[in-house]
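> Input protein21.cif, format and content: mmCIF, C-alpha atoms.
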```
data_model
loop_
_atom_site.label_atom_id
_atom_site.label_comp_id
_atom_site.auth_asym_id
_atom_site.auth_seq_id
_atom_site.Cartn_x
_atom_site.Cartn_y
_atom_site.Cartn_z
CA MET A 1 134.45 257.41 222.65
CA THR A 2 132.36 254.27 222.86
CA CYS A 3 129.55 253.88 225.38
CA GLU A 4 131.75 251.52 227.35
CA ASN A 5 134.49 254.14 227.63
CA ILE A 6 131.97 256.71 228.69
CA ARG A 7 130.50 254.46 231.35
CA SER A 8 133.92 253.92 232.90
CA LEU A 9 134.38 257.67 233.22
CA VAL A 10 130.92 258.68 234.37
CA HIS A 11 131.83 258.76 238.03
CA ALA A 12 135.04 260.66 237.52
CA TYR A 13 133.11 263.06 235.31
CA LEU A 14 130.43 263.70 237.93
CA ASP A 15 133.06 264.04 240.65
CA SER A 16 134.83 266.75 238.61
CA GLU A 17 137.94 264.61 238.42
CA LEU A 18 138.35 264.87 234.64
CA ASP A 19 140.16 267.52 232.68
CA LEU A 20 138.14 269.93 230.56
CA ALA A 21 138.77 268.20 227.21
CA ARG A 22 137.54 264.87 228.54
CA SER A 23 134.53 266.45 230.17
CA LEU A 24 133.53 268.14 226.93
CA GLU A 25 133.94 264.88 225.07
CA ILE A 26 131.61 263.18 227.51
CA GLU A 27 129.04 265.95 227.37
CA ASP A 28 129.12 265.74 223.61
CA HIS A 29 128.45 262.01 223.77
CA LEU A 30 125.64 262.41 226.30
CA ARG A 31 123.76 264.75 223.96
CA GLY A 32 123.54 261.96 221.41
CA CYS A 33 123.22 258.86 223.60
CA GLU A 34 120.08 258.37 225.61
CA SER A 35 121.20 255.34 227.55
CA CYS A 36 124.46 256.93 228.75
CA ALA A 37 122.58 260.11 229.56
CA ARG A 38 120.23 258.11 231.74
CA GLU A 39 123.13 256.46 233.54
CA VAL A 40 124.54 259.89 234.30
CA ALA A 41 121.15 261.12 235.49
CA ASP A 42 120.82 258.10 237.78
CA VAL A 43 124.19 258.57 239.41
CA ARG A 44 123.48 262.26 239.77
CA MET A 45 120.16 261.50 241.43
CA LEU A 46 121.81 259.04 243.78
CA ARG A 47 124.49 261.54 244.71
CA THR A 48 121.91 264.20 245.46
CA GLY A 49 119.99 261.68 247.55
CA ILE A 50 123.05 260.83 249.61
CA ALA A 51 124.10 264.44 250.01
CA ASN A 52 120.62 265.43 251.22
CA GLY A 53 119.66 262.30 253.10
CA ALA A 54 122.74 260.71 254.70
CA VAL A 55 123.39 261.95 258.22
CA TYR A 56 126.60 263.83 258.88
CA HIS A 57 127.32 262.85 262.47
CA GLN A 58 128.70 265.78 264.44
CA ALA A 59 131.09 264.96 267.27
CA PRO A 60 129.07 264.91 270.52
CA PRO A 61 130.19 267.46 273.13
CA ALA A 62 131.22 264.57 275.42
CA LEU A 63 133.76 263.43 272.83
CA GLU A 64 135.26 266.86 272.49
CA GLU A 65 135.61 266.98 276.27
CA ARG A 66 137.33 263.62 276.28
CA VAL A 67 139.79 264.75 273.64
CA ARG A 68 140.42 268.05 275.40
CA SER A 69 141.09 266.34 278.70
CA LEU A 70 143.45 263.99 276.86
CA LEU A 71 145.33 267.05 275.63
CA ALA A 72 145.26 268.70 279.03
CA SER A 73 146.78 265.62 280.63
CA GLN A 74 149.81 265.65 278.34
CA PRO A 75 152.38 268.25 279.45
CA HIS A 76 152.73 266.89 282.97
CA ARG A 77 153.89 263.47 281.95
CA ARG A 78 157.47 264.52 281.38
CA GLY A 79 157.93 266.11 284.74
CA GLU A 80 156.91 263.01 286.61
CA ARG A 81 159.96 261.17 285.49
CA ASP A 82 162.44 264.06 285.73
CA THR A 83 162.96 263.62 289.41
CA LYS A 84 163.82 259.97 289.00
CA LEU A 85 166.45 260.23 286.32
CA PRO A 86 169.77 262.03 286.46
CA ARG A 87 170.25 264.72 283.86
CA LEU A 88 172.61 262.60 281.80
CA GLY A 89 169.98 259.89 281.55
CA TRP A 90 167.56 262.33 280.04
CA THR A 91 170.16 263.56 277.60
CA LEU A 92 170.82 260.03 276.42
CA ILE A 93 167.15 259.22 276.15
CA GLY A 94 166.56 262.48 274.34
CA ALA A 95 169.34 261.67 271.92
CA ALA A 96 167.99 258.18 271.37
CA ALA A 97 164.51 259.58 270.88
CA ALA A 98 165.84 262.11 268.40
CA VAL A 99 167.54 259.36 266.44
CA ALA A 100 164.37 257.28 266.58
CA PHE A 101 162.34 260.26 265.45
CA VAL A 102 164.57 260.91 262.47
CA ALA A 103 164.41 257.21 261.72
CA ILE A 104 160.61 257.36 261.81
CA LEU A 105 160.67 260.27 259.38
CA LEU A 106 162.98 258.32 257.11
CA LYS A 107 160.76 255.29 257.38
CA ASP A 108 158.13 257.07 255.31
CA VAL A 109 160.64 257.45 252.55
CA LEU A 110 162.49 254.15 252.90
CA PRO A 111 160.24 251.31 253.96
CA LEU A 112 162.90 249.88 256.26
CA PRO A 113 161.90 249.67 259.91
CA LEU A 114 165.40 248.64 260.98
CA ALA A 115 166.76 251.91 262.30
CA PRO A 116 163.97 252.78 264.77
CA VAL A 117 163.79 249.16 265.92
CA ALA A 118 167.49 249.13 266.77
CA ASN A 119 167.06 252.24 268.90
CA THR A 120 163.93 250.99 270.55
CA THR A 121 165.79 247.81 271.48
CA HIS A 122 168.40 249.95 273.13
CA GLU A 123 165.77 251.88 275.06
CA VAL A 124 163.76 248.95 276.28
CA VAL A 125 166.90 247.15 277.42
CA ALA A 126 168.01 250.30 279.25
CA ASP A 127 164.57 250.55 280.86
CA HIS A 128 164.74 246.90 281.84
CA VAL A 129 168.16 247.31 283.45
CA ARG A 130 167.08 250.43 285.27
CA SER A 131 163.98 248.68 286.58
CA LEU A 132 166.24 246.07 288.17
CA MET A 133 168.82 248.49 289.59
CA ALA A 134 166.76 251.37 290.85
CA ASN A 135 164.67 249.27 293.19
CA HIS A 136 161.73 250.45 291.21
CA LEU A 137 160.52 247.33 289.52
CA THR A 138 156.84 247.95 290.09
CA ASP A 139 154.61 250.90 290.87
CA VAL A 140 151.83 248.50 291.64
CA ALA A 141 152.88 245.14 293.06
CA SER A 142 150.22 242.54 292.56
CA SER A 143 149.81 239.14 291.03
CA ASN A 144 146.18 239.92 290.34
CA GLN A 145 145.50 241.08 286.79
CA HIS A 146 142.32 242.73 288.00
CA THR A 147 144.43 244.96 290.23
CA VAL A 148 147.19 245.72 287.76
CA LYS A 149 145.01 246.52 284.76
CA PRO A 150 142.83 249.18 286.46
CA TRP A 151 145.96 250.72 287.96
CA PHE A 152 147.02 251.76 284.44
CA ASP A 153 143.67 253.41 283.80
CA GLY A 154 144.01 257.11 284.31
CA ARG A 155 147.81 256.90 284.27
CA LEU A 156 148.03 256.12 280.58
CA ASP A 157 145.98 257.28 277.64
CA PHE A 158 145.53 253.70 276.46
CA ALA A 159 144.46 250.51 278.18
CA PRO A 160 146.93 247.63 277.97
CA ALA A 161 145.58 244.10 278.38
CA VAL A 162 147.02 242.42 281.49
CA THR A 163 146.95 238.64 281.86
CA ASP A 164 148.61 236.41 284.42
CA PHE A 165 150.34 233.32 282.98
CA LYS A 166 151.17 231.71 286.31
CA ASP A 167 149.98 228.28 285.22
CA GLN A 168 152.33 228.40 282.27
CA GLY A 169 155.27 229.42 284.48
CA PHE A 170 155.18 233.19 283.96
CA SER A 171 153.80 234.88 287.08
CA LEU A 172 152.49 238.40 286.99
CA ILE A 173 154.12 240.46 289.74
CA GLY A 174 152.95 243.97 288.91
CA GLY A 175 153.12 246.98 286.64
CA ARG A 176 154.75 250.36 286.40
CA LEU A 177 154.91 253.38 284.13
CA ASP A 178 157.99 253.67 282.01
CA TYR A 179 159.14 255.77 279.09
CA VAL A 180 160.12 254.72 275.59
CA GLU A 181 160.77 257.18 272.79
CA ASN A 182 159.85 259.91 275.21
CA HIS A 183 156.31 258.58 275.68
CA PRO A 184 154.73 256.95 278.67
CA VAL A 185 154.34 253.23 278.14
CA ALA A 186 152.94 250.38 280.23
CA ALA A 187 155.56 248.07 281.73
CA ILE A 188 153.92 244.84 282.88
CA VAL A 189 156.26 242.82 285.05
CA TYR A 190 156.45 239.03 285.20
CA LYS A 191 158.75 236.51 286.83
CA ARG A 192 160.04 233.31 285.28
CA ARG A 193 161.70 231.46 288.17
CA GLU A 194 164.09 234.18 289.43
CA HIS A 195 164.22 236.07 286.15
CA VAL A 196 162.30 239.28 285.69
CA ILE A 197 160.46 239.87 282.42
CA ASN A 198 159.44 243.39 281.49
CA LEU A 199 156.68 243.57 278.90
CA PHE A 200 156.48 247.09 277.44
CA VAL A 201 153.27 248.03 275.63
CA TRP A 202 152.29 251.16 273.74
CA PRO A 203 150.00 252.15 270.85
CA MET A 204 151.24 252.30 267.28
CA LEU A 205 150.08 254.36 264.33
CA HIS A 206 149.73 251.53 261.84
CA MET A 207 147.52 248.56 262.22
CA GLU A 208 149.46 245.78 260.51
CA ASP A 209 150.25 242.96 262.90
CA SER A 210 153.79 241.64 262.80
CA ARG A 211 155.12 238.33 264.06
CA PRO A 212 157.55 238.19 266.99
CA VAL A 213 161.15 238.99 266.20
CA ALA A 214 163.75 237.84 268.69
CA GLU A 215 167.20 239.25 269.28
CA THR A 216 169.75 239.55 272.05
CA ARG A 217 171.23 242.81 273.22
CA ASP A 218 173.87 243.16 275.93
CA GLY A 219 173.10 239.65 277.06
CA PHE A 220 169.37 240.22 277.36
CA SER A 221 166.74 238.53 275.27
CA VAL A 222 164.38 240.87 273.46
CA VAL A 223 161.25 239.82 271.58
CA HIS A 224 159.00 242.34 269.90
CA TRP A 225 155.87 242.22 267.80
CA THR A 226 152.82 244.29 266.84
CA GLN A 227 149.28 243.22 267.49
CA GLY A 228 146.05 245.16 267.31
CA ALA A 229 147.99 248.36 266.57
CA MET A 230 149.93 248.02 269.82
CA ALA A 231 153.69 247.53 270.05
CA TYR A 232 154.86 244.80 272.43
CA TRP A 233 158.46 244.50 273.65
CA ALA A 234 159.45 241.76 276.07
CA VAL A 235 162.89 242.00 277.71
CA SER A 236 164.45 239.51 280.10
CA SER A 237 167.55 237.59 281.09
CA VAL A 238 165.76 234.30 280.35
CA ASN A 239 166.91 232.64 277.15
CA THR A 240 165.37 233.64 273.86
CA SER A 241 163.30 230.51 273.34
CA GLU A 242 161.65 230.92 276.74
CA LEU A 243 160.91 234.54 276.00
CA GLU A 244 159.42 233.56 272.65
CA LYS A 245 157.18 231.12 274.48
CA PHE A 246 156.10 233.99 276.70
CA ALA A 247 155.45 236.14 273.63
CA ASP A 248 153.22 233.43 272.18
CA LEU A 249 151.17 233.34 275.38
CA VAL A 250 150.70 237.10 275.33
CA ARG A 251 149.76 237.08 271.66
CA GLU A 252 147.28 234.29 272.18
CA ALA A 253 145.68 236.16 275.08
CA GLY A 254 145.53 239.31 272.96
CA SER A 255 144.06 237.72 269.86
CA SER A 256 140.56 238.59 270.97
CA PRO A 257 139.88 242.30 270.34
CA LEU A 258 141.06 244.58 273.10
CA PRO A 259 138.43 246.01 275.40
CA ALA A 260 137.25 249.20 273.87
CA ARG A 261 137.41 251.70 276.68
CA GLN A 262 140.20 253.02 278.79
CA MET B 1 159.13 267.41 269.67
CA PHE B 2 158.19 268.48 273.17
CA LEU B 3 154.81 267.48 274.40
CA PRO B 4 153.32 270.96 274.88
CA LYS B 5 154.28 271.70 271.31
CA LYS B 6 152.57 268.54 270.18
CA VAL B 7 149.46 269.57 272.03
CA SER B 8 149.31 272.96 270.36
CA ARG B 9 150.01 271.40 266.98
CA PHE B 10 147.16 268.97 267.60
CA GLU B 11 144.82 271.75 268.64
CA GLU B 12 145.63 273.74 265.57
CA ALA B 13 145.85 271.05 262.89
CA LEU B 14 143.58 268.25 264.06
CA LEU B 15 141.03 269.43 266.59
CA PRO B 16 139.07 271.39 263.94
CA HIS B 17 138.47 268.06 262.20
CA LEU B 18 136.92 266.27 265.14
CA ASP B 19 133.51 266.25 263.43
CA ALA B 20 135.01 264.66 260.33
CA ALA B 21 136.78 262.09 262.51
CA TYR B 22 133.64 261.26 264.43
CA ASN B 23 131.45 261.12 261.32
CA LEU B 24 133.75 258.61 259.66
CA ALA B 25 134.07 256.54 262.84
CA ARG B 26 130.32 256.64 263.40
CA TRP B 27 129.66 255.32 259.91
CA LEU B 28 132.34 252.64 260.18
CA MET B 29 131.54 251.45 263.72
CA ARG B 30 127.78 251.98 263.30
CA ASN B 31 127.15 253.09 266.88
CA ASP B 32 127.97 256.10 269.01
CA ALA B 33 129.86 254.50 271.91
CA ASP B 34 132.26 252.54 269.69
CA ALA B 35 132.73 255.55 267.42
CA GLN B 36 133.66 257.79 270.37
CA ASP B 37 136.11 255.23 271.71
CA ALA B 38 137.66 254.81 268.29
CA VAL B 39 138.10 258.56 267.86
CA GLN B 40 139.62 258.93 271.33
CA ASP B 41 142.01 256.07 270.58
CA ALA B 42 142.86 257.62 267.21
CA CYS B 43 143.58 260.97 268.92
CA VAL B 44 146.01 259.27 271.30
CA ARG B 45 147.86 257.84 268.33
CA ALA B 46 147.67 261.06 266.36
CA LEU B 47 149.14 263.01 269.29
CA ARG B 48 151.94 260.52 269.70
CA PHE B 49 152.86 260.55 266.04
CA ILE B 50 151.98 264.12 265.14
CA GLY B 51 155.54 264.69 263.95
CA GLY B 52 154.61 262.55 260.94
CA LEU B 53 151.97 265.04 259.86
CA ARG B 54 154.47 267.69 258.86
CA GLY B 55 152.86 270.03 256.33
CA GLY B 56 150.19 267.60 255.22
CA ASP B 57 146.41 267.90 255.25
CA GLY B 58 145.38 267.48 258.89
CA ARG B 59 141.90 266.26 258.08
CA VAL B 60 143.07 263.52 255.72
CA TRP B 61 145.83 262.48 258.10
CA LEU B 62 143.41 262.24 261.01
CA LEU B 63 140.86 260.34 258.91
CA LYS B 64 143.56 257.87 257.95
CA ILE B 65 144.33 257.20 261.60
CA VAL B 66 140.65 257.00 262.52
CA ARG B 67 140.10 254.53 259.73
CA ASN B 68 143.04 252.37 260.81
CA THR B 69 141.81 252.45 264.39
CA CYS B 70 138.30 251.44 263.36
CA TYR B 71 139.61 248.60 261.22
CA THR B 72 141.74 247.39 264.12
CA ARG B 73 138.75 247.49 266.43
CA LEU B 74 136.55 245.72 263.96
CA SER B 75 139.16 243.09 263.19
CA GLY B 76 137.52 240.66 265.61
CA ALA B 77 134.67 240.50 263.15
CA ARG B 78 135.28 239.75 259.50
CA ILE B 79 136.06 243.04 257.86
CA ARG B 80 137.31 242.28 254.43
CA GLY B 81 135.11 239.28 253.87
CA THR B 82 132.65 241.40 252.01
CA GLU B 83 135.07 242.08 249.16
CA THR B 84 132.83 240.18 246.83
CA GLU B 85 132.68 238.68 243.43
CA PHE B 86 130.35 241.56 242.53
CA ASP B 87 130.41 242.09 238.79
CA GLU B 88 133.23 244.47 238.06
CA GLU B 89 131.94 245.57 234.68
CA MET B 90 130.56 249.01 234.37
CA HIS B 91 127.40 248.23 232.37
CA SER B 92 125.22 248.82 235.36
CA CYS B 93 122.00 250.58 234.74
CA ASP B 94 120.16 247.62 233.19
CA ALA B 95 117.78 246.06 235.71
CA ALA B 96 118.05 248.68 238.40
CA ALA B 97 117.36 251.62 236.15
CA THR B 98 114.33 250.19 234.47
CA ASN B 99 112.32 252.42 236.73
CA PRO B 100 113.92 255.82 237.32
CA GLU B 101 110.92 256.98 239.34
CA THR B 102 111.67 254.31 241.92
CA LEU B 103 115.20 255.57 242.35
CA LEU B 104 114.02 259.15 242.45
CA MET B 105 111.50 258.38 245.16
CA ARG B 106 113.83 256.26 247.24
CA SER B 107 116.79 258.60 247.00
CA ARG B 108 114.58 261.36 248.41
CA ASP B 109 113.75 259.24 251.43
CA ALA B 110 116.45 259.86 254.05
CA ASP B 111 115.68 256.70 255.99
CA SER B 112 116.21 254.53 252.95
CA VAL B 113 119.42 256.35 252.06
CA ASN B 114 120.84 255.96 255.55
CA ARG B 115 119.87 252.31 255.76
CA ALA B 116 121.37 251.55 252.35
CA LEU B 117 124.61 253.30 253.25
CA GLU B 118 124.84 251.64 256.63
CA GLN B 119 124.46 248.23 255.04
CA LEU B 120 127.16 248.72 252.43
CA PRO B 121 130.30 246.68 252.99
CA LEU B 122 132.92 248.61 254.92
CA GLU B 123 135.27 249.32 252.01
CA PHE B 124 132.39 250.77 249.96
CA ARG B 125 130.84 252.65 252.87
CA GLU B 126 134.06 254.50 253.68
CA VAL B 127 134.58 255.83 250.15
CA ILE B 128 130.99 257.06 249.98
CA VAL B 129 131.36 258.82 253.33
CA MET B 130 134.64 260.43 252.30
CA ARG B 131 133.40 261.46 248.88
CA GLU B 132 129.77 262.47 249.46
CA LEU B 133 129.77 263.59 253.09
CA GLU B 134 133.32 264.83 253.44
CA GLY B 135 133.70 266.06 249.86
CA LEU B 136 137.23 264.70 249.49
CA SER B 137 138.85 264.44 246.06
CA TYR B 138 139.93 261.03 244.73
CA LYS B 139 143.50 261.93 245.53
CA LYS B 140 142.74 262.66 249.18
CA ILE B 141 140.58 259.57 249.55
CA ALA B 142 143.45 257.56 248.08
CA GLU B 143 145.72 259.06 250.72
CA ALA B 144 143.32 258.27 253.55
CA VAL B 145 142.65 254.68 252.54
CA GLU B 146 146.21 254.11 251.31
CA LEU B 147 145.20 252.80 247.89
CA PRO B 148 145.93 253.95 244.32
CA ILE B 149 143.59 256.57 242.85
CA GLY B 150 142.38 254.14 240.18
CA THR B 151 141.25 251.72 242.87
CA VAL B 152 139.42 254.50 244.69
CA MET B 153 137.65 255.43 241.47
CA SER B 154 136.45 251.91 240.71
CA ARG B 155 135.53 251.28 244.32
CA LEU B 156 133.44 254.42 244.42
CA ALA B 157 131.68 253.39 241.19
CA ARG B 158 130.90 249.97 242.66
CA ALA B 159 129.80 251.53 245.93
CA ARG B 160 127.31 253.73 244.14
CA LYS B 161 126.04 250.87 242.08
CA ARG B 162 125.41 248.92 245.26
CA MET B 163 123.68 251.86 246.90
CA HIS B 164 121.53 252.18 243.82
CA GLN B 165 120.53 248.53 243.93
CA ALA B 166 119.94 248.61 247.67
CA LEU B 167 117.62 251.58 247.28
CA ILE B 168 115.66 249.87 244.54
CA ALA B 169 115.46 246.68 246.59
CA SER B 170 114.24 248.51 249.68
CA THR B 171 111.15 249.56 247.73
CA HIS B 172 110.05 245.99 247.35
CA GLU B 173 110.56 245.24 251.01
CA ASP B 174 108.64 247.96 252.71
CA SER B 175 106.23 249.54 250.34
#
```
Go ahead and express the file in the form of structure tokens.


Amino acid sequence: MTCENIRSLVHAYLDSELDLARSLEIEDHLRGCESCAREVADVRMLRTGIANGAVYHQAPPALEERVRSLLASQPHRRGERDTKLPRLGWTLIGAAAAVAFVAILLKDVLPLPLAPVANTTHEVVADHVRSLMANHLTDVASSNQHTVKPWFDGRLDFAPAVTDFKDQGFSLIGGRLDYVENHPVAAIVYKRREHVINLFVWPMLHMEDSRPVAETRDGFSVVHWTQGAMAYWAVSSVNTSELEKFADLVREAGSSPLPARQ
Amino acid sequence: MFLPKKVSRFEEALLPHLDAAYNLARWLMRNDADAQDAVQDACVRALRFIGGLRGGDGRVWLLKIVRNTCYTRLSGARIRGTETEFDEEMHSCDAAATNPETLLMRSRDADSVNRALEQLPLEFREVIVMRELEGLSYKKIAEAVELPIGTVMSRLARARKRMHQALIASTHEDS
């Protein structure tokens, strides 16, 4: 091997990523080549320096407590909603969630997000309709974003941004907890003239932002997008172009990084 | 998956790796408060999507989520802007290695090492942390940063070269 070949493999060699034959070849070369041997010695020295000198930051006890209390707060979430939904409702949601779950598993294999999206559309529309029928539009009724936002704190394990767009014709009227894919999500409620808009928000695993996609389902407009690793789903009986306008306002408001803490 | 089951799965597969999660976040965010928030946020996501872990390596899976969360949180600032026109060729040791004693001295000084690592661009810092502090193989790093193994290998080589140069440079500054 030439020196150039050796140099390109030095790191893999020192990281024990090469097979035995290659390693022996390199060692053979190093015995006869001072300059490559020095390169290897340098990298070795650097590695030792990092291993001995760089701080390994242990999780502070406060963080472990936070994570444990997050875990402790989980099992009760399901029960809260049980009393509000008839058994059949749960069965349907469970079935939808199961389909969505399988779809998510498949998504890793086939990079097509279509299946889970279709089911999520179904769920958010169902949630929207239920919010209108069950006389349970808001858990906290307020047009003040500084009232609605803190209300979610402690009820959700993430902190959705809440902004009033009254001046642009979309008035904040409150918030409530809802469930999508069997998880608690934030439902932020707006009014456009007499039309209700539900904006569902929940955290996502992947960070890629996606642009709004609009569709209609059962006569409702649905617009969804991803921003800052959060999923946003807006549902309303307003027409699609108005809902897209709303989505643009929300996205604009959210383009600054989200506040860090819950 | 029912929530209590998710919780026990989390406790068993991910909680043991909280130190690894925090260490990565602490190096990426560069301060304790932001690192803790990022890890908490990552745990929320991990819990929600723990079905996706299946039989995989819990530590690598958690690190991947922590990394994504940190990148999202840092996205207000420029994060990839530091992907530079740094010379890609591997003939490195020229100028920097003219004085091996300097490197030896500096690499034994923990302050210099920590400062040099902290100042590395994000994409170099993370591979050093995963390789040297977490001891992950190229394959596992590739999984965590979602890049091909070859890219991980060249990135690690460049990261070390930069560390090397930063250590040499620090000598001139403060000695």

> Show me, as a ChimeraX atom specification, every residue of chain B with an atom at most 6 Å from chain A, counting only C-alpha atoms.

/B:3-4,19,22-23,45,72,76,107-108,110,114

> For each of B:Thr151, B:Leu14, B:Leu24, B:Ala144, take the minimum atom-to-atom distance to Glu132 of chain B, counting all atoms listed in the file, then give the residue where this is smallest.

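The closest residue to Glu132 of chain B is B:Leu24.
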
> Please list as an MDAnalysis selection string every residue within 6 Å of segment 125-138 of chain A, counting only C-alpha atoms and excluding residues in the same chain fewer than 2 positions away.

chainID A and resid 122:123 140:141 174:176

> Give me, as a list of chain:residue names, all polymer residues having an atom no more than 12 Å from Gln119 of chain B, counting all atoms listed in the file and skipping those fewer than 5 positions away in the same chain.

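The residues satisfying every condition are B:Trp27, B:Leu28, B:Met29, B:Arg30, B:Thr82, B:Ser112, B:Val113, B:Asn114, B:Phe124, B:Arg125, B:Glu126, B:Ala159, B:Arg162, B:Met163, B:Gln165, B:Ala166, B:Leu167, B:Ser170.
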
> If I take atom CA of Tyr71 of chain B and atom CA of Gly154 of chain A, how far is one from the other in Å, to one decimal?

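Answer for the atom CA of Tyr71 of chain B to atom CA of Gly154 of chain A separation: 25.0 Å.
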
> I'd like the neighbourhood of Glu12 of chain B as a VMD selection string, where a residue qualifies if any of its atoms comes within 12 Å (using only C-alpha atoms), though same-chain residues fewer than 5 positions away should be ignored.

chain B and resid 5 to 7 17 to 18 47 50 57 to 59

> Would you kindly return, as a PDB file with C-alpha atoms, in the coordinates of the input, each protein, DNA or RNA residue with an atom no farther than 12 Å from any atom of Ser221 of chain A, considering only C-alpha atoms and excluding same-chain residues fewer than 2 positions away?


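In the end it all went to result.pdb:
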```pdb
ATOM      1  CA  THR A 121     165.790 247.810 271.480  1.00  0.00           C
ATOM      2  CA  HIS A 122     168.400 249.950 273.130  1.00  0.00           C
ATOM      3  CA  VAL A 124     163.760 248.950 276.280  1.00  0.00           C
ATOM      4  CA  VAL A 125     166.900 247.150 277.420  1.00  0.00           C
ATOM      5  CA  HIS A 128     164.740 246.900 281.840  1.00  0.00           C
ATOM      6  CA  HIS A 195     164.220 236.070 286.150  1.00  0.00           C
ATOM      7  CA  VAL A 196     162.300 239.280 285.690  1.00  0.00           C
ATOM      8  CA  ILE A 197     160.460 239.870 282.420  1.00  0.00           C
ATOM      9  CA  ASN A 198     159.440 243.390 281.490  1.00  0.00           C
ATOM     10  CA  LEU A 199     156.680 243.570 278.900  1.00  0.00           C
ATOM     11  CA  VAL A 213     161.150 238.990 266.200  1.00  0.00           C
ATOM     12  CA  ALA A 214     163.750 237.840 268.690  1.00  0.00           C
ATOM     13  CA  GLU A 215     167.200 239.250 269.280  1.00  0.00           C
ATOM     14  CA  THR A 216     169.750 239.550 272.050  1.00  0.00           C
ATOM     15  CA  ARG A 217     171.230 242.810 273.220  1.00  0.00           C
ATOM     16  CA  ASP A 218     173.870 243.160 275.930  1.00  0.00           C
ATOM     17  CA  GLY A 219     173.100 239.650 277.060  1.00  0.00           C
ATOM     18  CA  VAL A 223     161.250 239.820 271.580  1.00  0.00           C
ATOM     19  CA  HIS A 224     159.000 242.340 269.900  1.00  0.00           C
ATOM     20  CA  TRP A 233     158.460 244.500 273.650  1.00  0.00           C
ATOM     21  CA  ALA A 234     159.450 241.760 276.070  1.00  0.00           C
ATOM     22  CA  VAL A 235     162.890 242.000 277.710  1.00  0.00           C
ATOM     23  CA  SER A 236     164.450 239.510 280.100  1.00  0.00           C
ATOM     24  CA  SER A 237     167.550 237.590 281.090  1.00  0.00           C
ATOM     25  CA  VAL A 238     165.760 234.300 280.350  1.00  0.00           C
ATOM     26  CA  ASN A 239     166.910 232.640 277.150  1.00  0.00           C
ATOM     27  CA  THR A 240     165.370 233.640 273.860  1.00  0.00           C
ATOM     28  CA  SER A 241     163.300 230.510 273.340  1.00  0.00           C
ATOM     29  CA  GLU A 242     161.650 230.920 276.740  1.00  0.00           C
ATOM     30  CA  LEU A 243     160.910 234.540 276.000  1.00  0.00           C
ATOM     31  CA  GLU A 244     159.420 233.560 272.650  1.00  0.00           C
ATOM     32  CA  PHE A 246     156.100 233.990 276.700  1.00  0.00           C
ATOM     33  CA  ALA A 247     155.450 236.140 273.630  1.00  0.00           C
TER      34      ALA A 247
END
```

> To one decimal in Å, tell me the separation between atom CA of Leu103 of chain B and atom CA of Arg160 of chain B.

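So the two atoms, atom CA of Leu103 of chain B and atom CA of Arg160 of chain B, lie 12.4 Å apart.
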
> Please write as a list in words the list of polymer residues whose atoms come within 8 Å of (149.8, 260.1, 262.1), counting all atoms listed in the file and keeping to the coordinates of the file.

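With a cut-off of 8 Å, the residues come to Leu205 of chain A; Arg45, Ala46, Leu47, Arg48, Phe49, Ile50, Gly51, Gly52, Leu53, Trp61, Leu62, Lys64 and Ile65 of chain B.
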
> Could you tell me how far atom CA of Met130 of chain B lies from atom CA of Glu25 of chain A, in Å and to one decimal?

27.6 Å

> Write out as a PyMOL selection string each polymer residue whose atoms come within 12 Å of Leu249 of chain A, counting all atoms listed in the file; drop sequence neighbours fewer than 6 positions from it.

chain A and resi 162-170+212+234+242-243+255

> Ranking B:Ala157, B:Leu63, B:Ile168, B:Gly55 by minimum distance to Thr102 of chain B and counting only C-alpha atoms, which one comes first?

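Distance minimum relative to Thr102 of chain B lands on B:Ile168.
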